[in-house]
$ cat model24.cif   # mmCIF, C-alpha atoms and all ligand atoms; chains and numbers go by the auth columns
data_data
loop_
_atom_site.group_PDB
_atom_site.id
_atom_site.type_symbol
_atom_site.label_atom_id
_atom_site.label_comp_id
_atom_site.label_asym_id
_atom_site.label_seq_id
_atom_site.Cartn_x
_atom_site.Cartn_y
_atom_site.Cartn_z
_atom_site.B_iso_or_equiv
_atom_site.auth_seq_id
_atom_site.auth_asym_id
ATOM 1 C CA VAL A 1 -1.563 -18.633 -1.237 0.00 16 A
ATOM 2 C CA THR A 2 -1.091 -18.050 2.461 0.00 17 A
ATOM 3 C CA LEU A 3 1.180 -15.704 4.335 0.00 18 A
ATOM 4 C CA PRO A 4 4.335 -17.143 5.900 0.00 19 A
ATOM 5 C CA ARG A 5 4.197 -18.006 9.567 0.00 20 A
ATOM 6 C CA GLY A 6 4.824 -14.967 11.757 0.00 21 A
ATOM 7 C CA PHE A 7 4.330 -12.579 8.855 0.00 22 A
ATOM 8 C CA LYS A 8 1.396 -10.667 10.325 0.00 23 A
ATOM 9 C CA ALA A 9 3.058 -10.164 13.712 0.00 24 A
ATOM 10 C CA GLN A 10 6.217 -8.882 12.029 0.00 25 A
ATOM 11 C CA ALA A 11 4.195 -6.469 9.898 0.00 26 A
ATOM 12 C CA GLU A 12 2.548 -5.087 13.056 0.00 27 A
ATOM 13 C CA ARG A 13 5.987 -4.639 14.641 0.00 28 A
ATOM 14 C CA ASP A 14 7.233 -2.803 11.553 0.00 29 A
ATOM 15 C CA ALA A 15 4.189 -0.517 11.577 0.00 30 A
ATOM 16 C CA ALA A 16 4.797 0.273 15.259 0.00 31 A
ATOM 17 C CA ASP A 17 8.511 0.793 14.709 0.00 32 A
ATOM 18 C CA LEU A 18 7.995 3.212 11.815 0.00 33 A
ATOM 19 C CA ARG A 19 5.539 5.230 13.916 0.00 34 A
ATOM 20 C CA LYS A 20 8.070 5.335 16.713 0.00 35 A
ATOM 21 C CA GLN A 21 10.654 6.699 14.279 0.00 36 A
ATOM 22 C CA LEU A 22 8.133 9.384 13.331 0.00 37 A
ATOM 23 C CA GLY A 23 7.584 10.173 17.007 0.00 38 A
ATOM 24 C CA LYS A 24 3.990 8.953 16.897 0.00 39 A
ATOM 25 C CA PRO A 25 2.025 6.539 19.051 0.00 40 A
ATOM 26 C CA GLU A 26 1.209 3.051 17.718 0.00 41 A
ATOM 27 C CA HIS A 27 -2.413 3.968 17.016 0.00 42 A
ATOM 28 C CA ALA A 28 -1.596 7.145 15.081 0.00 43 A
ATOM 29 C CA ARG A 29 -2.613 7.865 11.514 0.00 44 A
ATOM 30 C CA VAL A 30 0.342 8.268 9.169 0.00 45 A
ATOM 31 C CA ASP A 31 0.546 9.581 5.648 0.00 46 A
ATOM 32 C CA VAL A 32 2.317 7.453 3.052 0.00 47 A
ATOM 33 C CA GLY A 33 4.559 10.412 2.284 0.00 48 A
ATOM 34 C CA GLU A 34 5.911 10.311 5.840 0.00 49 A
ATOM 35 C CA LEU A 35 6.526 6.573 5.580 0.00 50 A
ATOM 36 C CA ALA A 36 8.249 7.009 2.218 0.00 51 A
ATOM 37 C CA ASP A 37 10.502 9.740 3.649 0.00 52 A
ATOM 38 C CA ILE A 38 11.575 7.648 6.582 0.00 53 A
ATOM 39 C CA LEU A 39 12.307 4.705 4.294 0.00 54 A
ATOM 40 C CA GLY A 40 14.323 6.906 1.926 0.00 55 A
ATOM 41 C CA VAL A 41 11.917 6.341 -0.946 0.00 56 A
ATOM 42 C CA THR A 42 10.981 8.984 -3.507 0.00 57 A
ATOM 43 C CA VAL A 43 7.372 9.150 -4.679 0.00 58 A
ATOM 44 C CA ILE A 44 6.650 10.894 -7.970 0.00 59 A
ATOM 45 C CA SER A 45 3.643 11.227 -10.234 0.00 60 A
ATOM 46 C CA ALA A 46 3.846 9.535 -13.628 0.00 61 A
ATOM 47 C CA GLU A 47 2.775 12.892 -15.019 0.00 62 A
ATOM 48 C CA THR A 48 6.299 14.174 -14.454 0.00 63 A
ATOM 49 C CA LEU A 49 7.582 11.443 -16.790 0.00 64 A
ATOM 50 C CA VAL A 50 4.961 11.113 -19.494 0.00 65 A
ATOM 51 C CA GLU A 51 2.123 13.257 -20.713 0.00 66 A
ATOM 52 C CA ARG A 52 -1.179 12.885 -18.945 0.00 67 A
ATOM 53 C CA SER A 53 -2.857 12.082 -22.256 0.00 68 A
ATOM 54 C CA ARG A 54 -0.674 8.972 -22.559 0.00 69 A
ATOM 55 C CA LEU A 55 -1.811 7.847 -19.131 0.00 70 A
ATOM 56 C CA GLU A 56 -5.403 8.429 -20.159 0.00 71 A
ATOM 57 C CA GLU A 57 -4.878 6.344 -23.310 0.00 72 A
ATOM 58 C CA LEU A 58 -3.500 3.551 -21.202 0.00 73 A
ATOM 59 C CA GLU A 59 -6.416 3.777 -18.816 0.00 74 A
ATOM 60 C CA ALA A 60 -8.811 3.560 -21.752 0.00 75 A
ATOM 61 C CA LEU A 61 -6.950 0.498 -23.021 0.00 76 A
ATOM 62 C CA GLN A 62 -7.182 -1.401 -19.772 0.00 77 A
ATOM 63 C CA LYS A 63 -8.757 0.063 -16.688 0.00 78 A
ATOM 64 C CA PHE A 64 -6.591 0.031 -13.565 0.00 79 A
ATOM 65 C CA SER A 65 -3.710 -1.590 -15.457 0.00 80 A
ATOM 66 C CA PHE A 66 -1.310 0.897 -13.920 0.00 81 A
ATOM 67 C CA SER A 67 -1.691 1.971 -10.315 0.00 82 A
ATOM 68 C CA ALA A 68 1.844 2.387 -9.035 0.00 83 A
ATOM 69 C CA ALA A 69 5.238 0.885 -9.776 0.00 84 A
ATOM 70 C CA THR A 70 8.631 0.860 -8.115 0.00 85 A
ATOM 71 C CA PHE A 71 11.899 1.400 -9.932 0.00 86 A
ATOM 72 C CA LYS A 72 15.427 1.478 -8.710 0.00 87 A
ATOM 73 C CA VAL A 73 17.462 4.359 -10.062 0.00 88 A
ATOM 74 C CA ALA A 74 21.035 4.835 -8.851 0.00 89 A
ATOM 75 C CA GLU A 75 20.322 2.706 -5.767 0.00 90 A
ATOM 76 C CA ARG A 76 17.335 4.817 -4.835 0.00 91 A
ATOM 77 C CA ASP A 77 13.820 3.385 -4.782 0.00 92 A
ATOM 78 C CA ILE A 78 11.366 5.481 -6.720 0.00 93 A
ATOM 79 C CA ILE A 79 7.629 4.867 -6.664 0.00 94 A
ATOM 80 C CA VAL A 80 5.775 6.186 -9.666 0.00 95 A
ATOM 81 C CA THR A 81 2.083 6.823 -9.062 0.00 96 A
ATOM 82 C CA ASN A 82 -0.839 7.297 -11.402 0.00 97 A
ATOM 83 C CA PRO A 83 -2.248 10.847 -11.192 0.00 98 A
ATOM 84 C CA LEU A 84 -5.607 9.604 -12.531 0.00 99 A
ATOM 85 C CA ARG A 85 -6.318 7.883 -9.202 0.00 100 A
ATOM 86 C CA GLY A 86 -7.919 9.603 -6.243 0.00 101 A
ATOM 87 C CA ASP A 87 -5.936 10.383 -3.097 0.00 102 A
ATOM 88 C CA ALA A 88 -7.102 7.336 -1.155 0.00 103 A
ATOM 89 C CA ARG A 89 -6.361 4.953 -4.019 0.00 104 A
ATOM 90 C CA ARG A 90 -2.927 6.504 -4.454 0.00 105 A
ATOM 91 C CA ALA A 91 -2.146 6.233 -0.740 0.00 106 A
ATOM 92 C CA SER A 92 -3.104 2.558 -0.694 0.00 107 A
ATOM 93 C CA ASP A 93 -1.066 1.910 -3.850 0.00 108 A
ATOM 94 C CA VAL A 94 2.016 3.638 -2.432 0.00 109 A
ATOM 95 C CA ALA A 95 1.681 1.702 0.837 0.00 110 A
ATOM 96 C CA HIS A 96 1.602 -1.513 -1.210 0.00 111 A
ATOM 97 C CA GLU A 97 4.755 -0.501 -3.067 0.00 112 A
ATOM 98 C CA LEU A 98 6.520 0.548 0.163 0.00 113 A
ATOM 99 C CA ALA A 99 5.719 -2.913 1.496 0.00 114 A
ATOM 100 C CA HIS A 100 7.427 -4.514 -1.522 0.00 115 A
ATOM 101 C CA ILE A 101 10.494 -2.388 -0.778 0.00 116 A
ATOM 102 C CA LEU A 102 10.455 -3.187 2.960 0.00 117 A
ATOM 103 C CA LEU A 103 10.105 -6.881 2.182 0.00 118 A
ATOM 104 C CA LYS A 104 12.948 -6.644 -0.344 0.00 119 A
ATOM 105 C CA HIS A 105 10.902 -8.184 -3.120 0.00 120 A
ATOM 106 C CA GLU A 106 12.511 -8.414 -6.514 0.00 121 A
ATOM 107 C CA LEU A 107 10.437 -6.618 -9.115 0.00 122 A
ATOM 108 C CA SER A 108 11.328 -8.842 -11.981 0.00 123 A
ATOM 109 C CA GLU A 109 8.326 -9.958 -13.982 0.00 124 A
ATOM 110 C CA VAL A 110 7.559 -7.867 -17.012 0.00 125 A
ATOM 111 C CA ARG A 111 4.075 -7.705 -18.422 0.00 126 A
ATOM 112 C CA ARG A 112 3.307 -5.885 -21.586 0.00 127 A
ATOM 113 C CA ILE A 113 0.106 -4.144 -22.616 0.00 128 A
ATOM 114 C CA ASP A 114 0.396 -2.507 -25.985 0.00 129 A
ATOM 115 C CA ASP A 115 3.571 -0.379 -25.866 0.00 130 A
ATOM 116 C CA TYR A 116 3.697 -0.333 -22.120 0.00 131 A
ATOM 117 C CA ALA A 117 5.856 -2.593 -20.009 0.00 132 A
ATOM 118 C CA PHE A 118 4.917 -3.361 -16.416 0.00 133 A
ATOM 119 C CA ARG A 119 6.822 -5.071 -13.739 0.00 134 A
ATOM 120 C CA THR A 120 4.807 -7.239 -11.457 0.00 135 A
ATOM 121 C CA CYS A 121 5.593 -9.591 -8.635 0.00 136 A
ATOM 122 C CA ARG A 122 4.909 -13.205 -7.875 0.00 137 A
ATOM 123 C CA PRO A 123 1.406 -13.846 -6.509 0.00 138 A
ATOM 124 C CA ASP A 124 2.688 -14.765 -3.033 0.00 139 A
ATOM 125 C CA GLN A 125 4.667 -11.530 -2.905 0.00 140 A
ATOM 126 C CA GLU A 126 1.645 -9.573 -4.089 0.00 141 A
ATOM 127 C CA GLU A 127 -0.361 -10.987 -1.207 0.00 142 A
ATOM 128 C CA GLN A 128 2.412 -10.126 1.236 0.00 143 A
ATOM 129 C CA ALA A 129 2.674 -6.557 -0.063 0.00 144 A
ATOM 130 C CA THR A 130 -1.075 -6.068 0.246 0.00 145 A
ATOM 131 C CA ALA A 131 -1.078 -7.453 3.791 0.00 146 A
ATOM 132 C CA MET A 132 1.953 -5.408 4.802 0.00 147 A
ATOM 133 C CA GLY A 133 0.749 -2.224 3.088 0.00 148 A
ATOM 134 C CA GLY A 134 -2.564 -2.470 4.909 0.00 149 A
ATOM 135 C CA THR A 135 -0.819 -3.058 8.215 0.00 150 A
ATOM 136 C CA LEU A 136 1.459 -0.050 7.754 0.00 151 A
ATOM 137 C CA MET A 137 -1.505 2.256 7.199 0.00 152 A
ATOM 138 C CA LEU A 138 -3.948 0.561 9.553 0.00 153 A
ATOM 139 C CA PRO A 139 -2.066 -1.284 12.297 0.00 154 A
ATOM 140 C CA ARG A 140 -4.009 -3.211 14.899 0.00 155 A
ATOM 141 C CA PRO A 141 -3.811 -0.571 17.684 0.00 156 A
ATOM 142 C CA LEU A 142 -5.271 2.018 15.312 0.00 157 A
ATOM 143 C CA LEU A 143 -8.081 -0.315 14.225 0.00 158 A
ATOM 144 C CA LEU A 144 -8.936 -1.313 17.770 0.00 159 A
ATOM 145 C CA ARG A 145 -9.136 2.271 18.911 0.00 160 A
ATOM 146 C CA ALA A 146 -11.309 3.207 15.930 0.00 161 A
ATOM 147 C CA ALA A 147 -13.600 0.199 16.355 0.00 162 A
ATOM 148 C CA ARG A 148 -14.033 0.878 20.061 0.00 163 A
ATOM 149 C CA GLY A 149 -14.924 4.426 19.112 0.00 164 A
ATOM 150 C CA GLY A 150 -17.735 2.958 17.029 0.00 165 A
ATOM 151 C CA LEU A 151 -16.173 3.437 13.606 0.00 166 A
ATOM 152 C CA GLY A 152 -16.833 0.939 10.820 0.00 167 A
ATOM 153 C CA PRO A 153 -14.509 0.140 7.887 0.00 168 A
ATOM 154 C CA ASP A 154 -15.741 2.956 5.647 0.00 169 A
ATOM 155 C CA GLU A 155 -15.292 5.554 8.373 0.00 170 A
ATOM 156 C CA ILE A 156 -11.863 4.152 9.214 0.00 171 A
ATOM 157 C CA ALA A 157 -10.896 4.463 5.533 0.00 172 A
ATOM 158 C CA GLU A 158 -12.106 8.056 5.449 0.00 173 A
ATOM 159 C CA ALA A 159 -10.313 8.999 8.682 0.00 174 A
ATOM 160 C CA ASN A 160 -7.025 7.524 7.487 0.00 175 A
ATOM 161 C CA GLY A 161 -7.039 8.546 3.842 0.00 176 A
ATOM 162 C CA VAL A 162 -7.006 4.995 2.456 0.00 177 A
ATOM 163 C CA THR A 163 -9.409 2.992 0.304 0.00 178 A
ATOM 164 C CA PRO A 164 -12.492 1.315 1.812 0.00 179 A
ATOM 165 C CA ASP A 165 -11.104 -1.919 0.318 0.00 180 A
ATOM 166 C CA MET A 166 -7.989 -1.689 2.434 0.00 181 A
ATOM 167 C CA ALA A 167 -9.957 -0.776 5.574 0.00 182 A
ATOM 168 C CA ARG A 168 -12.416 -3.641 5.081 0.00 183 A
ATOM 169 C CA TYR A 169 -9.607 -6.108 4.478 0.00 184 A
ATOM 170 C CA ARG A 170 -7.833 -5.036 7.655 0.00 185 A
ATOM 171 C CA TYR A 171 -11.029 -4.810 9.702 0.00 186 A
ATOM 172 C CA ASN A 172 -12.002 -8.339 8.746 0.00 187 A
ATOM 173 C CA THR A 173 -8.647 -10.123 8.778 0.00 188 A
ATOM 174 C CA THR A 174 -7.455 -8.755 12.125 0.00 189 A
ATOM 175 C CA GLY A 175 -10.597 -9.902 13.952 0.00 190 A
ATOM 176 C CA VAL A 176 -10.995 -6.389 15.353 0.00 191 A
ATOM 177 C CA SER A 177 -14.710 -6.392 14.556 0.00 192 A
ATOM 178 C CA ARG A 178 -15.324 -9.580 16.562 0.00 193 A
ATOM 179 C CA GLN A 179 -13.112 -8.405 19.398 0.00 194 A
ATOM 180 C CA THR A 180 -15.019 -5.168 19.866 0.00 195 A
ATOM 181 C CA ALA A 181 -18.423 -6.814 19.409 0.00 196 A
ATOM 182 C CA ARG A 182 -17.774 -9.102 22.389 0.00 197 A
ATOM 183 C CA LYS A 183 -17.180 -6.224 24.774 0.00 198 A
HETATM 184 ZN ZN ZN B . 2.629 -5.423 -5.956 0.00 201 A
#
$ encode --input "model24.cif" --output "structure tokens" --more "lines below"
Ligand SMILES: [Zn+2]
Amino acid sequence: VTLPRGFKAQAERDAADLRKQLGKPEHARVDVGELADILGVTVISAETLVERSRLEELEALQKFSFSAATFKVAERDIIVTNPLRGDARRASDVAHELAHILLKHELSEVRRIDDYAFRTCRPDQEEQATAMGGTLMLPRPLLLRAARGGLGPDEIAEANGVTPDMARYRYNTTGVSRQTARK
């Protein structure tokens, strides 16, 4: 699966535009909560809906089966997160879900594990949400500035409260590493 033509550039523009709406420069760190607010999305922990023990059972059944999911309730988008994840994992998951919402993806597929139903997207939309989510949290100007300051992917992840996976993906796919190495 490959991203549609022009997708990456549009994602960068969206990341810049959202920062502008927050009154921040293009290279600024943002928290997913701020992005959710500006997009009119509510983020809640699954713990407010079901008992934590149920979430732990599910986790025991299949590790990482539930990270975050988006539901539409009375025309409002609600992202439900898994409280068993660490802060960085949760931030990356929420960014991924916000990307689905921004991209107006239909959350239609239902997957079932035991008693639990999950809605998942088409593989091409999953790839788009991952690319867009990463761009929202780590847009190119932010990465360039960090890389020029000598930061590697793990340090960038730490400084921005996202997973090393997301930082590595962005660091490698944007060509920021090569660009800074040449200078
Ligand atoms: Zn997804």
$ closest_residue --input "model24.cif" --among "A:Val177, A:Pro19, A:Tyr186, A:Glu66" --to "Pro156 in chain A" --atoms "all atoms listed in the file"
A:Tyr186
$ resolve_selection --input "model24.cif" --expression "the PyMOL selection byres (((not hetatm)) within 10 of (chain A and resi 201))" --output "list in words"
Ser82, Ala83, Ala84, Thr85, Asp108, Val109, Ala110, His111, Glu112, Leu113, Ala114, His115, Ile116, His120, Leu122, Arg134, Thr135, Cys136, Arg137, Pro138, Asp139, Gln140, Glu141, Glu142, Gln143, Ala144, Thr145 and Gly148 of chain A
$ resolve_selection --input "model24.cif" --expression "the PyMOL selection byres (((chain A and resi 100-102) around 10) and not hetatm)" --output "PyMOL selection string"
chain A and resi 79+81-83+96-99+103-108+176-178
$ atom_distance --input "model24.cif" --atom1 "CA of Met152 in chain A" --atom2 "CA of Ile59 in chain A"
19.3 Å
$ residues_around --input "model24.cif" --residues "Asp92 in chain A" --least-positions-apart "5" --cutoff "9 Å" --atoms "all atoms listed in the file" --output "list in words"
Gly55, Val56, Thr57, Val58, Thr85, Phe86, Lys87 and Ile116 of chain A
$ write_last_selection --input "model24.cif" --atoms "C-alpha atoms" --output "mmCIF file, in the coordinates of the input"
data_model
loop_
_atom_site.group_PDB
_atom_site.id
_atom_site.type_symbol
_atom_site.label_atom_id
_atom_site.label_comp_id
_atom_site.auth_asym_id
_atom_site.auth_seq_id
_atom_site.Cartn_x
_atom_site.Cartn_y
_atom_site.Cartn_z
ATOM 1 C CA GLY A 55 14.323 6.906 1.926
ATOM 2 C CA VAL A 56 11.917 6.341 -0.946
ATOM 3 C CA THR A 57 10.981 8.984 -3.507
ATOM 4 C CA VAL A 58 7.372 9.150 -4.679
ATOM 5 C CA THR A 85 8.631 0.860 -8.115
ATOM 6 C CA PHE A 86 11.899 1.400 -9.932
ATOM 7 C CA LYS A 87 15.427 1.478 -8.710
ATOM 8 C CA ILE A 116 10.494 -2.388 -0.778
#
$ residues_around --input "model24.cif" --residues "range 21-23 of chain A" --least-positions-apart "2" --cutoff "12 Å" --atoms "only C-alpha atoms" --output "list in words"
Thr17, Leu18, Pro19, Gln25, Ala26, Glu27, Arg28, Asp29, Ala30, Leu118, Gln140, Glu142, Gln143, Ala144, Thr145, Ala146, Met147, Gly148, Gly149, Thr150, Leu151, Pro154, Arg155, Arg185, Thr188 and Thr189 of chain A
$ closest_residue --input "model24.cif" --among "A:Val95, A:Ala43, A:Leu37, A:Leu50" --to "Thr63 in chain A" --atoms "all atoms listed in the file"
A:Val95
$ closest_residue --input "model24.cif" --among "A:Glu41, A:Arg20, A:Arg91, A:Glu71" --to "Leu54 in chain A" --atoms "all atoms listed in the file"
A:Arg91
$ atom_distance --input "model24.cif" --atom1 "CA of Ala31 in chain A" --atom2 "CA of Ile94 in chain A"
22.6 Å
$ resolve_selection --input "model24.cif" --expression "the PyMOL selection byres (((chain A and resi 159) around 10) and not hetatm)" --output "list in words"
His42, Leu153, Pro154, Arg155, Pro156, Leu157, Leu158, Arg160, Ala161, Ala162, Arg163, Gly164, Gly165, Leu166, Tyr186, Thr189, Gly190, Val191, Ser192, Gln194 and Thr195 of chain A
$ atom_distance --input "model24.cif" --atom1 "CA of Ser68 in chain A" --atom2 "CA of Ser80 in chain A"
15.3 Å
$ build_atoms --input "model24.cif" --residues "range 86-107 of chain A" --atoms "N, CA and C atoms" --output "mmCIF file, in the coordinates of the input"
data_model
loop_
_atom_site.group_PDB
_atom_site.id
_atom_site.type_symbol
_atom_site.label_atom_id
_atom_site.label_comp_id
_atom_site.auth_asym_id
_atom_site.auth_seq_id
_atom_site.Cartn_x
_atom_site.Cartn_y
_atom_site.Cartn_z
ATOM 1 N N PHE A 86 10.694 1.548 -9.132
ATOM 2 C CA PHE A 86 11.899 1.400 -9.932
ATOM 3 C C PHE A 86 13.103 1.723 -9.069
ATOM 4 N N LYS A 87 14.209 1.151 -9.421
ATOM 5 C CA LYS A 87 15.427 1.478 -8.710
ATOM 6 C C LYS A 87 16.313 2.281 -9.651
ATOM 7 N N VAL A 88 16.625 3.501 -9.237
ATOM 8 C CA VAL A 88 17.462 4.359 -10.062
ATOM 9 C C VAL A 88 18.619 4.822 -9.189
ATOM 10 N N ALA A 89 19.839 4.469 -9.613
ATOM 11 C CA ALA A 89 21.035 4.835 -8.851
ATOM 12 C C ALA A 89 20.873 4.478 -7.368
ATOM 13 N N GLU A 90 20.459 3.248 -7.124
ATOM 14 C CA GLU A 90 20.322 2.706 -5.767
ATOM 15 C C GLU A 90 19.206 3.340 -4.947
ATOM 16 N N ARG A 91 18.445 4.219 -5.562
ATOM 17 C CA ARG A 91 17.335 4.817 -4.835
ATOM 18 C C ARG A 91 16.017 4.246 -5.349
ATOM 19 N N ASP A 92 15.133 3.894 -4.393
ATOM 20 C CA ASP A 92 13.820 3.385 -4.782
ATOM 21 C C ASP A 92 12.904 4.547 -5.128
ATOM 22 N N ILE A 93 12.277 4.435 -6.273
ATOM 23 C CA ILE A 93 11.366 5.481 -6.720
ATOM 24 C C ILE A 93 10.016 4.853 -7.043
ATOM 25 N N ILE A 94 8.981 5.359 -6.391
ATOM 26 C CA ILE A 94 7.629 4.867 -6.664
ATOM 27 C C ILE A 94 6.947 5.863 -7.584
ATOM 28 N N VAL A 95 6.473 5.346 -8.703
ATOM 29 C CA VAL A 95 5.775 6.186 -9.666
ATOM 30 C C VAL A 95 4.278 5.926 -9.525
ATOM 31 N N THR A 96 3.521 6.987 -9.291
ATOM 32 C CA THR A 96 2.083 6.823 -9.062
ATOM 33 C C THR A 96 1.276 7.332 -10.258
ATOM 34 N N ASN A 97 0.053 6.876 -10.330
ATOM 35 C CA ASN A 97 -0.839 7.297 -11.402
ATOM 36 C C ASN A 97 -1.691 8.490 -10.949
ATOM 37 N N PRO A 98 -1.514 9.642 -11.605
ATOM 38 C CA PRO A 98 -2.248 10.847 -11.192
ATOM 39 C C PRO A 98 -3.757 10.761 -11.466
ATOM 40 N N LEU A 99 -4.174 9.740 -12.230
ATOM 41 C CA LEU A 99 -5.607 9.604 -12.531
ATOM 42 C C LEU A 99 -6.378 9.005 -11.346
ATOM 43 N N ARG A 100 -5.652 8.471 -10.365
ATOM 44 C CA ARG A 100 -6.318 7.883 -9.202
ATOM 45 C C ARG A 100 -6.626 8.958 -8.160
ATOM 46 N N GLY A 101 -7.611 8.703 -7.343
ATOM 47 C CA GLY A 101 -7.919 9.603 -6.243
ATOM 48 C C GLY A 101 -6.883 9.468 -5.139
ATOM 49 N N ASP A 102 -6.937 10.372 -4.171
ATOM 50 C CA ASP A 102 -5.936 10.383 -3.097
ATOM 51 C C ASP A 102 -5.894 9.085 -2.299
ATOM 52 N N ALA A 103 -7.059 8.551 -1.969
ATOM 53 C CA ALA A 103 -7.102 7.336 -1.155
ATOM 54 C C ALA A 103 -6.520 6.142 -1.909
ATOM 55 N N ARG A 104 -6.886 6.033 -3.175
ATOM 56 C CA ARG A 104 -6.361 4.953 -4.019
ATOM 57 C C ARG A 104 -4.839 5.063 -4.115
ATOM 58 N N ARG A 105 -4.370 6.295 -4.305
ATOM 59 C CA ARG A 105 -2.927 6.504 -4.454
ATOM 60 C C ARG A 105 -2.198 6.157 -3.157
ATOM 61 N N ALA A 106 -2.776 6.537 -2.032
ATOM 62 C CA ALA A 106 -2.146 6.233 -0.740
ATOM 63 C C ALA A 106 -2.040 4.723 -0.539
ATOM 64 N N SER A 107 -3.115 4.010 -0.852
ATOM 65 C CA SER A 107 -3.104 2.558 -0.694
ATOM 66 C C SER A 107 -2.096 1.910 -1.645
#
